[in-house]
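The structure under discussion appears below in the form of structure tokens.
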Amino acid sequence: MPERSPMLILASNSPRRRELLLSLGIPFAVEAADIEEIESLDDPREVPLRNAERKAAAVAARHPHDPVLGADTVIVFRDAVIGKPRDEADALRILLSLAGKTHEVVTGLALLRCADGFRRIWRETTRVTFKPFGRETAERYLSLVSVLDKAGAYAIQESGEFLVESVDGSIENVIGLPLERLQEELMRLND
Ligand SMILES: Cc1cn([C@H]2C[C@H](O)[C@@H](COP(=O)(O)OP(=O)(O)OP(=O)(O)O)O2)c(=O)[nH]c1=O
């Protein structure tokens, strides 16, 4: 028997995910998985799914009676994954490569509970189109926003208007946690 009532655990270091999950008004605890993330696979859209599953599984193994949520956000552009930039120069290169074009922001989600084998793994995609900006705008953006911990070297929630022309899909998904489907999946935990 568990020593306390089961509680949702968010397997993440991301303050943005914490804030988004808080907005659902569900009690939860946070315990980061700290796994090594996969950076590429033949199918780039599989990368966030596998990473989300690995993050959730690492924490779920330590708390078999609690449901655990893992998530991973990547950019997919020209059939390749763009993760977090290595350094400022890499960030500038990434932003310039995305300027004037449309990319996908793909978040993988995994909700696992070891005790009864509950297992839901899904992904959500948002299409983001960047303005056709040049080096000056990209450098100005990088001087304003800290991007080294952000997939694709930008944060739509921080001065995103510098870069973003349009968004097709969930904005929360771009920030790291798509809430609508998540809410539905969380309700299944009690079925
Ligand atoms: C594109 C984009 C990404 N991001 C963030 C979301 C994610 O936190 C991060 C992508 O890295 P992730 O590896 O998905 O997450 P993380 O390392 O921050 O946290 P953890 O693995 O512990 O859950 O980039 C934004 O905040 N805004 C954006 O516009």
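The way I read the labels, and the way they are meant: chains A, B, ... in the order of the structure tokens, residue 1 as the first residue of every chain, and ligand 1 as the first ligand shown, with later ones counted on from there.
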Segment 70-157 of chain A: which residues are helix (DSSP H, G or I) by DSSP, as a list of chain:residue names? A:Glu88, A:Ala89, A:Asp90, A:Ala91, A:Leu92, A:Arg93, A:Ile94, A:Leu95, A:Leu96, A:Ser97, A:Leu98, A:Arg135, A:Glu136, A:Thr137, A:Ala138, A:Glu139, A:Arg140, A:Tyr141, A:Leu142, A:Ser143, A:Leu144, A:Ala151, A:Gly152, A:Ala153
Output file for the selection above: C-alpha atoms, as a short mmCIF file (atom, residue, chain, number, x, y, z; two decimals), in the first residue's frame:
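So out_8.cif came out as:
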data_model
loop_
_atom_site.label_atom_id
_atom_site.label_comp_id
_atom_site.auth_asym_id
_atom_site.auth_seq_id
_atom_site.Cartn_x
_atom_site.Cartn_y
_atom_site.Cartn_z
CA GLU A 88 25.21 32.16 -28.25
CA ALA A 89 26.77 31.69 -31.70
CA ASP A 90 24.69 28.55 -32.22
CA ALA A 91 21.60 30.46 -31.06
CA LEU A 92 22.22 33.19 -33.66
CA ARG A 93 22.74 30.59 -36.39
CA ILE A 94 19.49 28.82 -35.43
CA LEU A 95 17.41 32.01 -35.39
CA LEU A 96 18.74 33.13 -38.79
CA SER A 97 18.03 29.70 -40.29
CA LEU A 98 14.39 29.91 -39.12
CA ARG A 135 21.04 39.53 -38.16
CA GLU A 136 20.44 42.84 -36.40
CA THR A 137 17.02 41.77 -35.09
CA ALA A 138 18.29 38.32 -34.11
CA GLU A 139 21.23 39.83 -32.19
CA ARG A 140 18.95 42.33 -30.48
CA TYR A 141 16.59 39.51 -29.49
CA LEU A 142 19.47 37.47 -28.06
CA SER A 143 20.64 40.48 -26.04
CA LEU A 144 17.19 40.69 -24.43
CA ALA A 151 14.44 24.62 -27.80
CA GLY A 152 14.99 26.52 -31.07
CA ALA A 153 16.82 29.39 -29.31
#
I'd like the neighbourhood of Val174 of chain A as an mmCIF file with N, CA and C atoms, in the first residue's frame, where a residue qualifies if any of its atoms comes within 7 Å (using only C-alpha atoms), though same-chain residues fewer than 4 positions away should be ignored.
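This went into selection_7.cif:
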data_model
loop_
_atom_site.group_PDB
_atom_site.id
_atom_site.type_symbol
_atom_site.label_atom_id
_atom_site.label_comp_id
_atom_site.auth_asym_id
_atom_site.auth_seq_id
_atom_site.Cartn_x
_atom_site.Cartn_y
_atom_site.Cartn_z
ATOM 1 N N VAL A 105 6.777 23.163 -33.732
ATOM 2 C CA VAL A 105 7.189 22.940 -32.346
ATOM 3 C C VAL A 105 6.432 21.700 -31.894
ATOM 4 N N THR A 126 2.588 22.459 -33.013
ATOM 5 C CA THR A 126 2.162 23.824 -33.337
ATOM 6 C C THR A 126 3.068 24.329 -34.448
ATOM 7 N N SER A 170 -1.593 25.442 -30.526
ATOM 8 C CA SER A 170 -1.546 25.843 -29.113
ATOM 9 C C SER A 170 -0.245 26.574 -28.786
#
Hey, what's within 12 Å of Leu21 of chain A if we count only C-alpha atoms and toss same-chain stuff fewer than 3 positions away? As a ChimeraX atom specification, please? /A:8-12,14-18,24-30,69-71,172-173,175-180,182-183,186
Between A:Cys114, A:Ile75, A:Ile156, A:Met7, which has the minimum distance to ligand 1 (counting only C-alpha atoms and all ligand atoms)? A:Ile156
Going by DSSP on the backbone, which bits of chain A are strand (DSSP E or B)? Write them as an MDAnalysis selection string, please. chainID A and resid 8:10 28:30 68:77 80:82 102:113 118:130 164:168
For the residues in the current selection, export C-alpha atoms as a PDB file, in the first residue's frame.
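Output below, filename out.pdb:
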ATOM      1  CA  LEU A   8       0.635  13.624  -9.748  1.00  0.00           C
ATOM      2  CA  ILE A   9       4.382  14.203 -10.168  1.00  0.00           C
ATOM      3  CA  LEU A  10       5.758  16.509 -12.845  1.00  0.00           C
ATOM      4  CA  PHE A  28       1.121  18.056  -7.979  1.00  0.00           C
ATOM      5  CA  ALA A  29       4.708  17.551  -6.836  1.00  0.00           C
ATOM      6  CA  VAL A  30       7.843  18.149  -8.895  1.00  0.00           C
ATOM      7  CA  VAL A  68       4.083  10.839 -13.444  1.00  0.00           C
ATOM      8  CA  LEU A  69       4.079  13.358 -16.283  1.00  0.00           C
ATOM      9  CA  GLY A  70       7.138  13.829 -18.503  1.00  0.00           C
ATOM     10  CA  ALA A  71       7.403  16.239 -21.436  1.00  0.00           C
ATOM     11  CA  ASP A  72       9.907  17.239 -24.080  1.00  0.00           C
ATOM     12  CA  THR A  73       9.739  20.104 -26.562  1.00  0.00           C
ATOM     13  CA  VAL A  74      11.760  20.284 -29.788  1.00  0.00           C
ATOM     14  CA  ILE A  75      11.671  22.215 -33.019  1.00  0.00           C
ATOM     15  CA  VAL A  76      11.362  20.234 -36.247  1.00  0.00           C
ATOM     16  CA  PHE A  77      12.626  22.065 -39.311  1.00  0.00           C
ATOM     17  CA  ALA A  80      15.620  17.579 -38.521  1.00  0.00           C
ATOM     18  CA  VAL A  81      15.377  18.252 -34.798  1.00  0.00           C
ATOM     19  CA  ILE A  82      16.567  21.548 -33.399  1.00  0.00           C
ATOM     20  CA  THR A 102       7.628  28.001 -40.886  1.00  0.00           C
ATOM     21  CA  HIS A 103       8.784  25.387 -38.375  1.00  0.00           C
ATOM     22  CA  GLU A 104       7.007  22.926 -36.115  1.00  0.00           C
ATOM     23  CA  VAL A 105       7.189  22.940 -32.346  1.00  0.00           C
ATOM     24  CA  VAL A 106       6.557  19.384 -31.200  1.00  0.00           C
ATOM     25  CA  THR A 107       5.975  18.532 -27.547  1.00  0.00           C
ATOM     26  CA  GLY A 108       5.934  14.890 -26.494  1.00  0.00           C
ATOM     27  CA  LEU A 109       4.006  13.976 -23.351  1.00  0.00           C
ATOM     28  CA  ALA A 110       4.042  10.803 -21.278  1.00  0.00           C
ATOM     29  CA  LEU A 111       1.736  10.050 -18.369  1.00  0.00           C
ATOM     30  CA  LEU A 112       2.737   6.831 -16.626  1.00  0.00           C
ATOM     31  CA  ARG A 113       1.803   4.957 -13.468  1.00  0.00           C
ATOM     32  CA  PHE A 118      -1.388   3.185 -16.860  1.00  0.00           C
ATOM     33  CA  ARG A 119       0.391   4.540 -19.906  1.00  0.00           C
ATOM     34  CA  ARG A 120      -0.530   7.411 -22.224  1.00  0.00           C
ATOM     35  CA  ILE A 121       2.009   8.837 -24.647  1.00  0.00           C
ATOM     36  CA  TRP A 122       1.126  11.484 -27.207  1.00  0.00           C
ATOM     37  CA  ARG A 123       2.431  14.569 -28.931  1.00  0.00           C
ATOM     38  CA  GLU A 124       1.130  17.921 -30.000  1.00  0.00           C
ATOM     39  CA  THR A 125       2.377  20.063 -32.868  1.00  0.00           C
ATOM     40  CA  THR A 126       2.162  23.824 -33.337  1.00  0.00           C
ATOM     41  CA  ARG A 127       3.287  25.508 -36.541  1.00  0.00           C
ATOM     42  CA  VAL A 128       5.162  28.781 -36.004  1.00  0.00           C
ATOM     43  CA  THR A 129       6.076  31.186 -38.814  1.00  0.00           C
ATOM     44  CA  PHE A 130       8.931  33.635 -38.224  1.00  0.00           C
ATOM     45  CA  VAL A 164       7.061  35.529 -34.632  1.00  0.00           C
ATOM     46  CA  GLU A 165       4.707  36.365 -37.469  1.00  0.00           C
ATOM     47  CA  SER A 166       1.990  33.770 -36.808  1.00  0.00           C
ATOM     48  CA  VAL A 167       1.133  30.716 -34.737  1.00  0.00           C
ATOM     49  CA  ASP A 168      -1.060  27.866 -35.897  1.00  0.00           C
TER      50      ASP A 168
END
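Distances here use only C-alpha atoms; by that measure, the residue among A:Asp149, A:Asp87, A:Asp191, A:Glu36 closest to Asn51 of chain A is A:Glu36.
Closest approach to Glu37 of chain A from the set A:Arg50, A:Asn190, A:Ser23, A:Lys150 is made by A:Arg50, with distances taken over only C-alpha atoms.
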